[in-house]
Amino acid sequence: MAAHFGRRLRKGAANTAVAAAAVAALAASQAPDVTTDGAGRQTPSSGAPSPDAPAEDSATGNSPYYTDLPPLNSPNPSPSSGATATPGVTGEAAAGIPATVLDAYKKAEATLREKKPGCNLPWQLLAAIGKVESGQARGGRVSADGTTIGRILGPQLNGVGFANISDTDDGAYDGDAAYDRAVGPMQFIPSTWAWAGRDGNGDGKKDPNNIYDAALAAGHYLCRFGWDLSTDSDLRSAILSYNNSTEYLNTVLSWLEYYRKGTHEVPDGTGQLPSDRSDDSAGAGPSPTPPATGKPPATHKPKPSTPPSGGGSQTPTKPPTTPPTTPPTTPPTTPPPTTRPTPTDTVHHLEDAGTGKLTAMAGDVFDERISTRAETKSGEGVGKVRVRFTIVGTTDATFPGGETVATMVTSDAGVAVAPPLQAGEKTGSFTVRATVVGRSIPGLGYTATVTARAADKLVRTSDTALTCVAGGEFAEQVQVKATYKGAAADGVAATATLIKSADDPAVNDKGPYFKDADGKAVRTLTGLKTGADGLLTLPKLYADDTAGTFLLRLTTTGGAALTVELTVTAPEPSPSPSTSESAPAGA
């Protein structure tokens, strides 16, 4: 939350020692740019979210979290003990992760290893966040498909001790039509889940209450912006983007280090439950299905009065038997404080800020960037407003880091500029929609188009004459290089055709030819593509028994064309016997 309450003082020196030891171990093992504050805690890098970053821009809305720290000893050598121990399982009880929850974390890691290999997401990071956010789905209380038994909901984000985030989903995810709440085992707020949600168990739904969906969504969320989680600075930035609190960062890092030392699987529903919370509510936390609307339930009962301290007995004073004769003075009523409207409140509409034509070739970055202006009703620009750009439609185009959503803040002139668009391989048009975060006003759509990869020039890579004797094969294969605006044009579709003449592009039925997979003569090749360096090498050419000069025409998407001359010569005549050798002797 923007005004996040600090974690209360931990009971006992052991927990303090755990925090110091865990953070010290991480600092010692990571990059030299790690710094610590006076309490020995890691200080976020300059790339981390700003302390003033709005809660809506985090995964959880900066909701409360569990502050329990792992034990000091390593989870590997000692057997489980106590009521939570599972027969046949060794290791600290705190290191036990419910089977389905653990499976979800590992599957999310495997998916991200394939989808975003540069992120280097460890499943132990998901486990650390899952521990801090929901106690591993409340100790693994999930169904066979990974859905939590009862919704796990955080408190209303109504500005009372927490961030103030009005309802964004009509209560669809959190059952609250007044304010948003963090939802599910990874505690996503609805506005973040709307774009970050994923289907992790393949059932066709994106459910924040399902641990497979939530774990995969958390992995993608942590891997955006091209972050490499094997580096200290990116790891810290990613964790802080999930919940923007240094205390949160240190707690997650402590569990990450602990889980890296070793974990074990425990049956669903038997995981160890945390108790301490960052909102000062011991034992409180994300709970199953709270009331849908209204004020959040009280978490503390008023304490009964206690007798004064000191020796000797105390005689209570009896209350007066008659009411006072003078009625109490009615306190003067004071008007509620005036709330100044935020910049977002003054936005009336969005206007295009001079965005040019959005066109790019497949695989390229769009030269033009989308610019949107937030304006008042009178047309004045509004600064410091968050504008969300969302890619919609059937496309594989993305913003940097493979993301489909980006949130930018308007300048003093009211203009927000989206990050550069990266075209994918799918051609055609799609839409980028701009909306104001926190306001229900019509969005603004921008049409972008991806065209096929193209070349504007084709040249041979060799100037050797291409000749062959009739009935033979050409010694050299034809190789060409495709370029576009002087740069190598990779992945460009090409066609090679043996034509009748420069004026007649019809396929020649005589002369040189290629061979298909069955060894039959073909004189047109389609579906060819240039390589990463723009090069294209054609298959070997053969000649029939027709001598002469022939033409090979190559064309590409984008209009590049090249005509190559092929020469087929007649075979040398066989020498005939001489007259003297063939005449009889003495003739």
# chains A, B, ... in the order shown; residues from 1 in each chain; ligands from 1

$ select_by_dssp --residues "segment 87-170 of chain A" --states "strand (DSSP E)" --output "PDB file with C-alpha atoms, in the first residue's frame"
ATOM      1  CA  GLY A  96       7.391 -28.690   3.778  1.00  0.00           C
ATOM      2  CA  ILE A  97       5.383 -27.460   0.793  1.00  0.00           C
ATOM      3  CA  PRO A  98       1.984 -29.034  -0.029  1.00  0.00           C
ATOM      4  CA  ILE A 152      -8.445 -16.422  -0.134  1.00  0.00           C
ATOM      5  CA  LEU A 153      -9.149 -12.706   0.124  1.00  0.00           C
TER       6      LEU A 153
END

$ atom_distance --atom1 "atom CA of Phe188 of chain A" --atom2 "atom CA of Asn164 of chain A"
15.2 Å

$ closest_residue --among "A:Ser58, A:Thr569, A:Thr111, A:Thr372" --to "Ser241 of chain A" --atoms "only C-alpha atoms"
A:Ser58

$ residues_around --residues "Leu125 of chain A" --least-positions-apart "2" --cutoff "9 Å" --atoms "only C-alpha atoms" --output "PyMOL selection string"
chain A and resi 105+121-123+127-130+219+252-253+255-257+259-260

$ residues_around --residues "Gln422 of chain A" --least-positions-apart "4" --cutoff "9 Å" --atoms "only C-alpha atoms" --output "compact mmCIF listing (two decimals) with all heavy atoms, in the first residue's frame"
# COMPACT_ATOMS: atom_id res chain seq x y z
N ALA A 360 4.80 -2.07 -39.22
CA ALA A 360 6.14 -2.65 -39.09
C ALA A 360 6.17 -3.99 -39.79
O ALA A 360 5.14 -4.65 -39.95
CB ALA A 360 6.53 -2.82 -37.62
N ALA A 362 7.21 -7.91 -40.01
CA ALA A 362 7.28 -9.00 -39.03
C ALA A 362 8.68 -9.10 -38.45
O ALA A 362 9.67 -9.11 -39.18
CB ALA A 362 6.87 -10.31 -39.68
N GLY A 363 8.75 -9.18 -37.12
CA GLY A 363 10.03 -9.31 -36.44
C GLY A 363 10.74 -8.01 -36.15
O GLY A 363 11.75 -8.00 -35.44
N ASP A 364 10.22 -6.88 -36.67
CA ASP A 364 10.88 -5.59 -36.47
C ASP A 364 10.20 -4.79 -35.36
O ASP A 364 9.07 -5.07 -34.96
CB ASP A 364 10.85 -4.77 -37.77
CG ASP A 364 11.80 -5.31 -38.81
OD1 ASP A 364 12.57 -6.24 -38.48
OD2 ASP A 364 11.75 -4.83 -39.96
N VAL A 365 10.89 -3.77 -34.89
CA VAL A 365 10.32 -2.83 -33.93
C VAL A 365 9.62 -1.72 -34.70
O VAL A 365 10.14 -1.22 -35.70
CB VAL A 365 11.42 -2.24 -33.03
CG1 VAL A 365 10.85 -1.17 -32.10
CG2 VAL A 365 12.10 -3.33 -32.22
N PHE A 366 8.42 -1.35 -34.26
CA PHE A 366 7.70 -0.26 -34.90
C PHE A 366 8.49 1.04 -34.73
O PHE A 366 8.95 1.37 -33.63
CB PHE A 366 6.32 -0.09 -34.26
CG PHE A 366 5.30 -1.10 -34.70
CD1 PHE A 366 5.37 -2.42 -34.25
CD2 PHE A 366 4.26 -0.75 -35.55
CE1 PHE A 366 4.43 -3.36 -34.63
CE2 PHE A 366 3.31 -1.68 -35.93
CZ PHE A 366 3.40 -2.99 -35.48
N ASP A 396 0.92 -11.60 -32.15
CA ASP A 396 1.98 -11.94 -31.22
C ASP A 396 2.92 -10.76 -31.02
O ASP A 396 4.04 -10.91 -30.55
CB ASP A 396 2.75 -13.17 -31.69
CG ASP A 396 3.26 -13.04 -33.13
OD1 ASP A 396 2.97 -12.02 -33.79
OD2 ASP A 396 3.93 -13.97 -33.61
N ALA A 397 2.45 -9.56 -31.38
CA ALA A 397 3.21 -8.35 -31.11
C ALA A 397 3.21 -8.07 -29.61
O ALA A 397 2.25 -8.41 -28.91
CB ALA A 397 2.62 -7.16 -31.87
N THR A 398 4.28 -7.48 -29.11
CA THR A 398 4.41 -7.23 -27.67
C THR A 398 5.11 -5.90 -27.43
O THR A 398 5.68 -5.29 -28.34
CB THR A 398 5.23 -8.33 -26.98
OG1 THR A 398 6.56 -8.34 -27.52
CG2 THR A 398 4.59 -9.70 -27.16
N PHE A 399 5.08 -5.49 -26.16
CA PHE A 399 5.95 -4.42 -25.70
C PHE A 399 7.27 -5.07 -25.26
O PHE A 399 7.37 -6.30 -25.21
CB PHE A 399 5.30 -3.67 -24.53
CG PHE A 399 4.09 -2.86 -24.92
CD1 PHE A 399 2.85 -3.12 -24.36
CD2 PHE A 399 4.21 -1.83 -25.83
CE1 PHE A 399 1.73 -2.38 -24.72
CE2 PHE A 399 3.11 -1.07 -26.20
CZ PHE A 399 1.86 -1.35 -25.64
N PRO A 400 8.30 -4.29 -24.91
CA PRO A 400 9.57 -4.90 -24.46
C PRO A 400 9.36 -5.88 -23.32
O PRO A 400 8.51 -5.69 -22.45
CB PRO A 400 10.38 -3.68 -24.00
CG PRO A 400 9.87 -2.55 -24.84
CD PRO A 400 8.40 -2.82 -25.00
N GLY A 402 8.30 -8.92 -23.78
CA GLY A 402 7.25 -9.87 -24.10
C GLY A 402 5.92 -9.55 -23.45
O GLY A 402 5.03 -10.39 -23.42

$ closest_residue --among "A:Thr464, A:Thr251, A:Thr390, A:Asn62" --to "Glu403 of chain A" --atoms "only C-alpha atoms"
A:Thr390

$ atom_distance --atom1 "atom CA of Pro341 of chain A" --atom2 "atom CA of Val387 of chain A"
17.6 Å

$ residues_around --residues "Leu350 of chain A" --least-positions-apart "4" --cutoff "7 Å" --atoms "only C-alpha atoms" --output "number ranges by chain"
A: 372-375, 443-444

$ write_last_selection --atoms "N, CA, C and O atoms" --output "compact mmCIF listing (two decimals), in the first residue's frame"
# COMPACT_ATOMS: atom_id res chain seq x y z
N THR A 372 -0.58 9.39 -26.32
CA THR A 372 -1.95 9.68 -25.89
C THR A 372 -1.94 10.83 -24.91
O THR A 372 -1.07 10.92 -24.04
N ARG A 373 -2.94 11.71 -25.02
CA ARG A 373 -3.02 12.88 -24.14
C ARG A 373 -4.26 12.79 -23.27
O ARG A 373 -5.37 12.59 -23.77
N ALA A 374 -4.06 12.91 -21.95
CA ALA A 374 -5.18 12.96 -21.01
C ALA A 374 -5.61 14.41 -20.87
O ALA A 374 -4.78 15.29 -20.58
N GLU A 375 -6.90 14.67 -21.08
CA GLU A 375 -7.37 16.05 -21.08
C GLU A 375 -8.58 16.24 -20.17
O GLU A 375 -9.35 15.31 -19.91
N GLY A 443 -11.98 4.40 -23.60
CA GLY A 443 -10.59 4.30 -24.00
C GLY A 443 -10.38 4.79 -25.42
O GLY A 443 -11.32 5.22 -26.11
N LEU A 444 -9.16 4.70 -25.85
CA LEU A 444 -8.79 5.15 -27.19
C LEU A 444 -8.06 4.01 -27.88
O LEU A 444 -7.12 3.44 -27.32

$ residues_around --residues "segment 167-176 of chain A" --least-positions-apart "5" --cutoff "10 Å" --atoms "only C-alpha atoms" --output "MDAnalysis selection string"
chainID A and resid 151:154 156:158 181:184 188:194 207:209 289:294 437:440

$ select_by_dssp --residues "segment 100-208 of chain A" --states "helix (DSSP H, G or I)" --output "ChimeraX atom specification"
/A:100-115,117-119,123-140,190-196

$ residues_around --residues "Ala238 of chain A" --least-positions-apart "4" --cutoff "8 Å" --atoms "only C-alpha atoms" --output "number ranges by chain"
A: 48, 222-223, 227, 229, 234, 242

$ atom_distance --atom1 "atom CA of Ala55 of chain A" --atom2 "atom CA of His348 of chain A"
22.7 Å

$ closest_atom_pairs --of "segment 391-505 of chain A" --to "segment 543-553 of chain A" --cutoff "12 Å" --atoms "only C-alpha atoms" --output "JSON lines"
{"residue": "A:Leu458", "atom": "CA", "partner": "A:Arg553", "partner_atom": "CA", "distance": 10.9}
{"residue": "A:Val459", "atom": "CA", "partner": "A:Arg553", "partner_atom": "CA", "distance": 11.9}
{"residue": "A:Ala465", "atom": "CA", "partner": "A:Thr549", "partner_atom": "CA", "distance": 11.8}
{"residue": "A:Leu466", "atom": "CA", "partner": "A:Thr549", "partner_atom": "CA", "distance": 10.3}
{"residue": "A:Thr467", "atom": "CA", "partner": "A:Thr549", "partner_atom": "CA", "distance": 9.3}
{"residue": "A:Cys468", "atom": "CA", "partner": "A:Ala543", "partner_atom": "CA", "distance": 7.0}
{"residue": "A:Val469", "atom": "CA", "partner": "A:Ala543", "partner_atom": "CA", "distance": 7.3}
{"residue": "A:Ala470", "atom": "CA", "partner": "A:Asp545", "partner_atom": "CA", "distance": 4.7}
{"residue": "A:Gly471", "atom": "CA", "partner": "A:Asp544", "partner_atom": "CA", "distance": 4.7}
{"residue": "A:Gly472", "atom": "CA", "partner": "A:Ala543", "partner_atom": "CA", "distance": 5.5}
{"residue": "A:Glu473", "atom": "CA", "partner": "A:Ala543", "partner_atom": "CA", "distance": 5.8}
{"residue": "A:Phe474", "atom": "CA", "partner": "A:Ala543", "partner_atom": "CA", "distance": 7.6}
{"residue": "A:Ala475", "atom": "CA", "partner": "A:Ala543", "partner_atom": "CA", "distance": 11.2}
{"residue": "A:Val478", "atom": "CA", "partner": "A:Leu552", "partner_atom": "CA", "distance": 9.7}
{"residue": "A:Val480", "atom": "CA", "partner": "A:Arg553", "partner_atom": "CA", "distance": 11.6}
{"residue": "A:Ala494", "atom": "CA", "partner": "A:Arg553", "partner_atom": "CA", "distance": 10.4}
{"residue": "A:Thr495", "atom": "CA", "partner": "A:Arg553", "partner_atom": "CA", "distance": 8.1}
{"residue": "A:Ala496", "atom": "CA", "partner": "A:Arg553", "partner_atom": "CA", "distance": 5.8}
{"residue": "A:Thr497", "atom": "CA", "partner": "A:Arg553", "partner_atom": "CA", "distance": 5.2}
{"residue": "A:Leu498", "atom": "CA", "partner": "A:Leu552", "partner_atom": "CA", "distance": 4.5}
{"residue": "A:Ile499", "atom": "CA", "partner": "A:Leu551", "partner_atom": "CA", "distance": 5.8}
{"residue": "A:Lys500", "atom": "CA", "partner": "A:Leu551", "partner_atom": "CA", "distance": 7.1}
{"residue": "A:Ser501", "atom": "CA", "partner": "A:Leu551", "partner_atom": "CA", "distance": 6.6}
{"residue": "A:Ala502", "atom": "CA", "partner": "A:Leu551", "partner_atom": "CA", "distance": 7.6}
{"residue": "A:Asp503", "atom": "CA", "partner": "A:Leu551", "partner_atom": "CA", "distance": 10.9}
{"residue": "A:Asp504", "atom": "CA", "partner": "A:Leu551", "partner_atom": "CA", "distance": 10.5}
{"residue": "A:Pro505", "atom": "CA", "partner": "A:Arg553", "partner_atom": "CA", "distance": 8.2}

$ write_last_selection --atoms "C-alpha atoms" --output "mmCIF file, in the first residue's frame"
data_model
loop_
_atom_site.group_PDB
_atom_site.id
_atom_site.type_symbol
_atom_site.label_atom_id
_atom_site.label_comp_id
_atom_site.auth_asym_id
_atom_site.auth_seq_id
_atom_site.Cartn_x
_atom_site.Cartn_y
_atom_site.Cartn_z
ATOM 1 C CA LEU A 458 18.634 -9.454 -54.416
ATOM 2 C CA VAL A 459 22.218 -10.078 -55.558
ATOM 3 C CA ALA A 465 29.401 -18.087 -64.875
ATOM 4 C CA LEU A 466 26.859 -20.893 -64.476
ATOM 5 C CA THR A 467 27.447 -23.423 -67.239
ATOM 6 C CA CYS A 468 26.690 -27.079 -67.796
ATOM 7 C CA VAL A 469 26.889 -29.676 -70.563
ATOM 8 C CA ALA A 470 23.552 -30.987 -71.811
ATOM 9 C CA GLY A 471 22.495 -34.007 -69.788
ATOM 10 C CA GLY A 472 24.794 -33.088 -66.894
ATOM 11 C CA GLU A 473 24.540 -31.012 -63.701
ATOM 12 C CA PHE A 474 25.716 -27.524 -62.769
ATOM 13 C CA ALA A 475 28.830 -27.573 -60.612
ATOM 14 C CA VAL A 478 22.974 -20.529 -57.046
ATOM 15 C CA VAL A 480 21.756 -14.973 -53.390
ATOM 16 C CA ALA A 494 11.143 -16.293 -52.074
ATOM 17 C CA THR A 495 10.251 -18.114 -55.300
ATOM 18 C CA ALA A 496 12.620 -19.492 -57.951
ATOM 19 C CA THR A 497 11.286 -20.115 -61.502
ATOM 20 C CA LEU A 498 12.975 -21.189 -64.747
ATOM 21 C CA ILE A 499 11.231 -18.894 -67.247
ATOM 22 C CA LYS A 500 10.950 -18.929 -71.034
ATOM 23 C CA SER A 501 12.415 -15.462 -71.633
ATOM 24 C CA ALA A 502 12.841 -12.006 -70.136
ATOM 25 C CA ASP A 503 9.567 -11.002 -71.773
ATOM 26 C CA ASP A 504 7.726 -14.235 -71.031
ATOM 27 C CA PRO A 505 7.732 -15.249 -67.351
#

$ closest_residue --among "A:Thr394, A:Ser245, A:Thr270, A:Ser411" --to "Val450 of chain A" --atoms "only C-alpha atoms"
A:Thr394

$ closest_residue --among "A:Asp509, A:Asp518, A:Glu265, A:Asp456" --to "Tyr484 of chain A" --atoms "only C-alpha atoms"
A:Asp456

$ closest_residue --among "A:Val142, A:Ala560, A:Cys119, A:Met361" --to "Arg224 of chain A" --atoms "only C-alpha atoms"
A:Cys119

$ closest_residue --among "A:Gly414, A:Gly356, A:Gly559, A:Gly428" --to "Ala455 of chain A" --atoms "only C-alpha atoms"
A:Gly559

$ decode --residues "segment 215-247 of chain A" --atoms "N, CA, C and O atoms" --output "PDB file, in the first residue's frame"
ATOM      1  N   ALA A 215       0.290 -19.227  -9.952  1.00  0.00           N
ATOM      2  CA  ALA A 215       1.750 -19.372  -9.959  1.00  0.00           C
ATOM      3  C   ALA A 215       2.327 -18.988 -11.315  1.00  0.00           C
ATOM      4  O   ALA A 215       3.360 -18.304 -11.397  1.00  0.00           O
ATOM      5  N   LEU A 216       1.668 -19.414 -12.401  1.00  0.00           N
ATOM      6  CA  LEU A 216       2.161 -19.055 -13.732  1.00  0.00           C
ATOM      7  C   LEU A 216       2.044 -17.558 -13.966  1.00  0.00           C
ATOM      8  O   LEU A 216       2.946 -16.937 -14.533  1.00  0.00           O
ATOM      9  N   ALA A 217       0.934 -16.965 -13.508  1.00  0.00           N
ATOM     10  CA  ALA A 217       0.771 -15.515 -13.645  1.00  0.00           C
ATOM     11  C   ALA A 217       1.841 -14.776 -12.859  1.00  0.00           C
ATOM     12  O   ALA A 217       2.421 -13.790 -13.336  1.00  0.00           O
ATOM     13  N   ALA A 218       2.143 -15.243 -11.650  1.00  0.00           N
ATOM     14  CA  ALA A 218       3.177 -14.611 -10.838  1.00  0.00           C
ATOM     15  C   ALA A 218       4.537 -14.713 -11.528  1.00  0.00           C
ATOM     16  O   ALA A 218       5.326 -13.762 -11.519  1.00  0.00           O
ATOM     17  N   GLY A 219       4.810 -15.874 -12.145  1.00  0.00           N
ATOM     18  CA  GLY A 219       6.069 -16.031 -12.859  1.00  0.00           C
ATOM     19  C   GLY A 219       6.200 -15.050 -14.007  1.00  0.00           C
ATOM     20  O   GLY A 219       7.235 -14.397 -14.176  1.00  0.00           O
ATOM     21  N   HIS A 220       5.136 -14.932 -14.816  1.00  0.00           N
ATOM     22  CA  HIS A 220       5.168 -13.971 -15.925  1.00  0.00           C
ATOM     23  C   HIS A 220       5.308 -12.546 -15.398  1.00  0.00           C
ATOM     24  O   HIS A 220       6.023 -11.722 -15.990  1.00  0.00           O
ATOM     25  N   TYR A 221       4.617 -12.245 -14.311  1.00  0.00           N
ATOM     26  CA  TYR A 221       4.691 -10.904 -13.730  1.00  0.00           C
ATOM     27  C   TYR A 221       6.118 -10.579 -13.295  1.00  0.00           C
ATOM     28  O   TYR A 221       6.628  -9.487 -13.562  1.00  0.00           O
ATOM     29  N   LEU A 222       6.779 -11.524 -12.656  1.00  0.00           N
ATOM     30  CA  LEU A 222       8.145 -11.305 -12.182  1.00  0.00           C
ATOM     31  C   LEU A 222       9.160 -11.247 -13.320  1.00  0.00           C
ATOM     32  O   LEU A 222      10.256 -10.709 -13.148  1.00  0.00           O
ATOM     33  N   CYS A 223       8.805 -11.793 -14.474  1.00  0.00           N
ATOM     34  CA  CYS A 223       9.737 -11.864 -15.601  1.00  0.00           C
ATOM     35  C   CYS A 223       9.539 -10.751 -16.622  1.00  0.00           C
ATOM     36  O   CYS A 223      10.177 -10.768 -17.672  1.00  0.00           O
ATOM     37  N   ARG A 224       8.648  -9.802 -16.336  1.00  0.00           N
ATOM     38  CA  ARG A 224       8.432  -8.760 -17.335  1.00  0.00           C
ATOM     39  C   ARG A 224       9.591  -7.759 -17.326  1.00  0.00           C
ATOM     40  O   ARG A 224      10.484  -7.856 -16.487  1.00  0.00           O
ATOM     41  N   PHE A 225       9.560  -6.835 -18.275  1.00  0.00           N
ATOM     42  CA  PHE A 225      10.588  -5.798 -18.419  1.00  0.00           C
ATOM     43  C   PHE A 225      11.967  -6.380 -18.731  1.00  0.00           C
ATOM     44  O   PHE A 225      12.988  -5.711 -18.534  1.00  0.00           O
ATOM     45  N   GLY A 226      11.996  -7.647 -19.187  1.00  0.00           N
ATOM     46  CA  GLY A 226      13.283  -8.247 -19.514  1.00  0.00           C
ATOM     47  C   GLY A 226      14.165  -8.499 -18.308  1.00  0.00           C
ATOM     48  O   GLY A 226      15.385  -8.656 -18.448  1.00  0.00           O
ATOM     49  N   TRP A 227      13.588  -8.554 -17.109  1.00  0.00           N
ATOM     50  CA  TRP A 227      14.380  -8.794 -15.897  1.00  0.00           C
ATOM     51  C   TRP A 227      15.026 -10.167 -15.930  1.00  0.00           C
ATOM     52  O   TRP A 227      14.420 -11.149 -16.339  1.00  0.00           O
ATOM     53  N   ASP A 228      16.263 -10.230 -15.460  1.00  0.00           N
ATOM     54  CA  ASP A 228      17.000 -11.480 -15.297  1.00  0.00           C
ATOM     55  C   ASP A 228      17.109 -11.727 -13.797  1.00  0.00           C
ATOM     56  O   ASP A 228      17.893 -11.063 -13.100  1.00  0.00           O
ATOM     57  N   LEU A 229      16.348 -12.688 -13.284  1.00  0.00           N
ATOM     58  CA  LEU A 229      16.271 -12.898 -11.844  1.00  0.00           C
ATOM     59  C   LEU A 229      17.500 -13.584 -11.267  1.00  0.00           C
ATOM     60  O   LEU A 229      17.568 -13.792 -10.053  1.00  0.00           O
ATOM     61  N   SER A 230      18.468 -13.920 -12.112  1.00  0.00           N
ATOM     62  CA  SER A 230      19.725 -14.439 -11.588  1.00  0.00           C
ATOM     63  C   SER A 230      20.659 -13.307 -11.163  1.00  0.00           C
ATOM     64  O   SER A 230      21.691 -13.548 -10.561  1.00  0.00           O
ATOM     65  N   THR A 231      20.281 -12.057 -11.478  1.00  0.00           N
ATOM     66  CA  THR A 231      21.047 -10.895 -11.040  1.00  0.00           C
ATOM     67  C   THR A 231      20.364 -10.268  -9.837  1.00  0.00           C
ATOM     68  O   THR A 231      19.129 -10.241  -9.746  1.00  0.00           O
ATOM     69  N   ASP A 232      21.145  -9.754  -8.930  1.00  0.00           N
ATOM     70  CA  ASP A 232      20.609  -9.225  -7.685  1.00  0.00           C
ATOM     71  C   ASP A 232      19.681  -8.038  -7.914  1.00  0.00           C
ATOM     72  O   ASP A 232      18.602  -7.953  -7.336  1.00  0.00           O
ATOM     73  N   SER A 233      20.087  -7.095  -8.760  1.00  0.00           N
ATOM     74  CA  SER A 233      19.295  -5.881  -8.940  1.00  0.00           C
ATOM     75  C   SER A 233      17.932  -6.189  -9.551  1.00  0.00           C
ATOM     76  O   SER A 233      16.912  -5.667  -9.107  1.00  0.00           O
ATOM     77  N   ASP A 234      17.899  -7.060 -10.564  1.00  0.00           N
ATOM     78  CA  ASP A 234      16.620  -7.403 -11.187  1.00  0.00           C
ATOM     79  C   ASP A 234      15.752  -8.226 -10.245  1.00  0.00           C
ATOM     80  O   ASP A 234      14.516  -8.077 -10.235  1.00  0.00           O
ATOM     81  N   LEU A 235      16.364  -9.111  -9.462  1.00  0.00           N
ATOM     82  CA  LEU A 235      15.596  -9.894  -8.498  1.00  0.00           C
ATOM     83  C   LEU A 235      14.905  -8.980  -7.501  1.00  0.00           C
ATOM     84  O   LEU A 235      13.716  -9.121  -7.218  1.00  0.00           O
ATOM     85  N   ARG A 236      15.645  -8.015  -6.961  1.00  0.00           N
ATOM     86  CA  ARG A 236      15.046  -7.097  -5.990  1.00  0.00           C
ATOM     87  C   ARG A 236      13.953  -6.254  -6.631  1.00  0.00           C
ATOM     88  O   ARG A 236      12.895  -6.031  -6.033  1.00  0.00           O
ATOM     89  N   SER A 237      14.203  -5.776  -7.851  1.00  0.00           N
ATOM     90  CA  SER A 237      13.193  -4.963  -8.528  1.00  0.00           C
ATOM     91  C   SER A 237      11.909  -5.755  -8.749  1.00  0.00           C
ATOM     92  O   SER A 237      10.804  -5.236  -8.567  1.00  0.00           O
ATOM     93  N   ALA A 238      12.056  -7.008  -9.157  1.00  0.00           N
ATOM     94  CA  ALA A 238      10.878  -7.842  -9.417  1.00  0.00           C
ATOM     95  C   ALA A 238      10.076  -8.074  -8.140  1.00  0.00           C
ATOM     96  O   ALA A 238       8.841  -7.978  -8.141  1.00  0.00           O
ATOM     97  N   ILE A 239      10.760  -8.364  -7.033  1.00  0.00           N
ATOM     98  CA  ILE A 239      10.052  -8.618  -5.775  1.00  0.00           C
ATOM     99  C   ILE A 239       9.362  -7.353  -5.296  1.00  0.00           C
ATOM    100  O   ILE A 239       8.204  -7.378  -4.857  1.00  0.00           O
ATOM    101  N   LEU A 240      10.039  -6.220  -5.388  1.00  0.00           N
ATOM    102  CA  LEU A 240       9.432  -4.961  -4.956  1.00  0.00           C
ATOM    103  C   LEU A 240       8.263  -4.557  -5.830  1.00  0.00           C
ATOM    104  O   LEU A 240       7.342  -3.886  -5.379  1.00  0.00           O
ATOM    105  N   SER A 241       8.282  -4.975  -7.102  1.00  0.00           N
ATOM    106  CA  SER A 241       7.133  -4.674  -7.964  1.00  0.00           C
ATOM    107  C   SER A 241       5.914  -5.482  -7.554  1.00  0.00           C
ATOM    108  O   SER A 241       4.784  -5.112  -7.858  1.00  0.00           O
ATOM    109  N   TYR A 242       6.128  -6.591  -6.863  1.00  0.00           N
ATOM    110  CA  TYR A 242       5.023  -7.426  -6.397  1.00  0.00           C
ATOM    111  C   TYR A 242       4.357  -6.791  -5.178  1.00  0.00           C
ATOM    112  O   TYR A 242       3.134  -6.792  -5.042  1.00  0.00           O
ATOM    113  N   ASN A 243       5.168  -6.255  -4.259  1.00  0.00           N
ATOM    114  CA  ASN A 243       4.660  -5.552  -3.081  1.00  0.00           C
ATOM    115  C   ASN A 243       5.760  -4.580  -2.684  1.00  0.00           C
ATOM    116  O   ASN A 243       6.842  -4.992  -2.284  1.00  0.00           O
ATOM    117  N   ASN A 244       5.481  -3.295  -2.828  1.00  0.00           N
ATOM    118  CA  ASN A 244       6.538  -2.282  -2.739  1.00  0.00           C
ATOM    119  C   ASN A 244       6.860  -1.931  -1.290  1.00  0.00           C
ATOM    120  O   ASN A 244       6.494  -0.887  -0.779  1.00  0.00           O
ATOM    121  N   SER A 245       7.565  -2.833  -0.618  1.00  0.00           N
ATOM    122  CA  SER A 245       7.973  -2.639   0.765  1.00  0.00           C
ATOM    123  C   SER A 245       9.323  -3.304   0.966  1.00  0.00           C
ATOM    124  O   SER A 245       9.520  -4.462   0.590  1.00  0.00           O
ATOM    125  N   THR A 246      10.265  -2.574   1.562  1.00  0.00           N
ATOM    126  CA  THR A 246      11.573  -3.154   1.842  1.00  0.00           C
ATOM    127  C   THR A 246      11.456  -4.308   2.826  1.00  0.00           C
ATOM    128  O   THR A 246      12.182  -5.308   2.727  1.00  0.00           O
ATOM    129  N   GLU A 247      10.524  -4.195   3.800  1.00  0.00           N
ATOM    130  CA  GLU A 247      10.315  -5.291   4.740  1.00  0.00           C
ATOM    131  C   GLU A 247       9.824  -6.540   3.996  1.00  0.00           C
ATOM    132  O   GLU A 247      10.240  -7.658   4.295  1.00  0.00           O
TER     133      GLU A 247
END
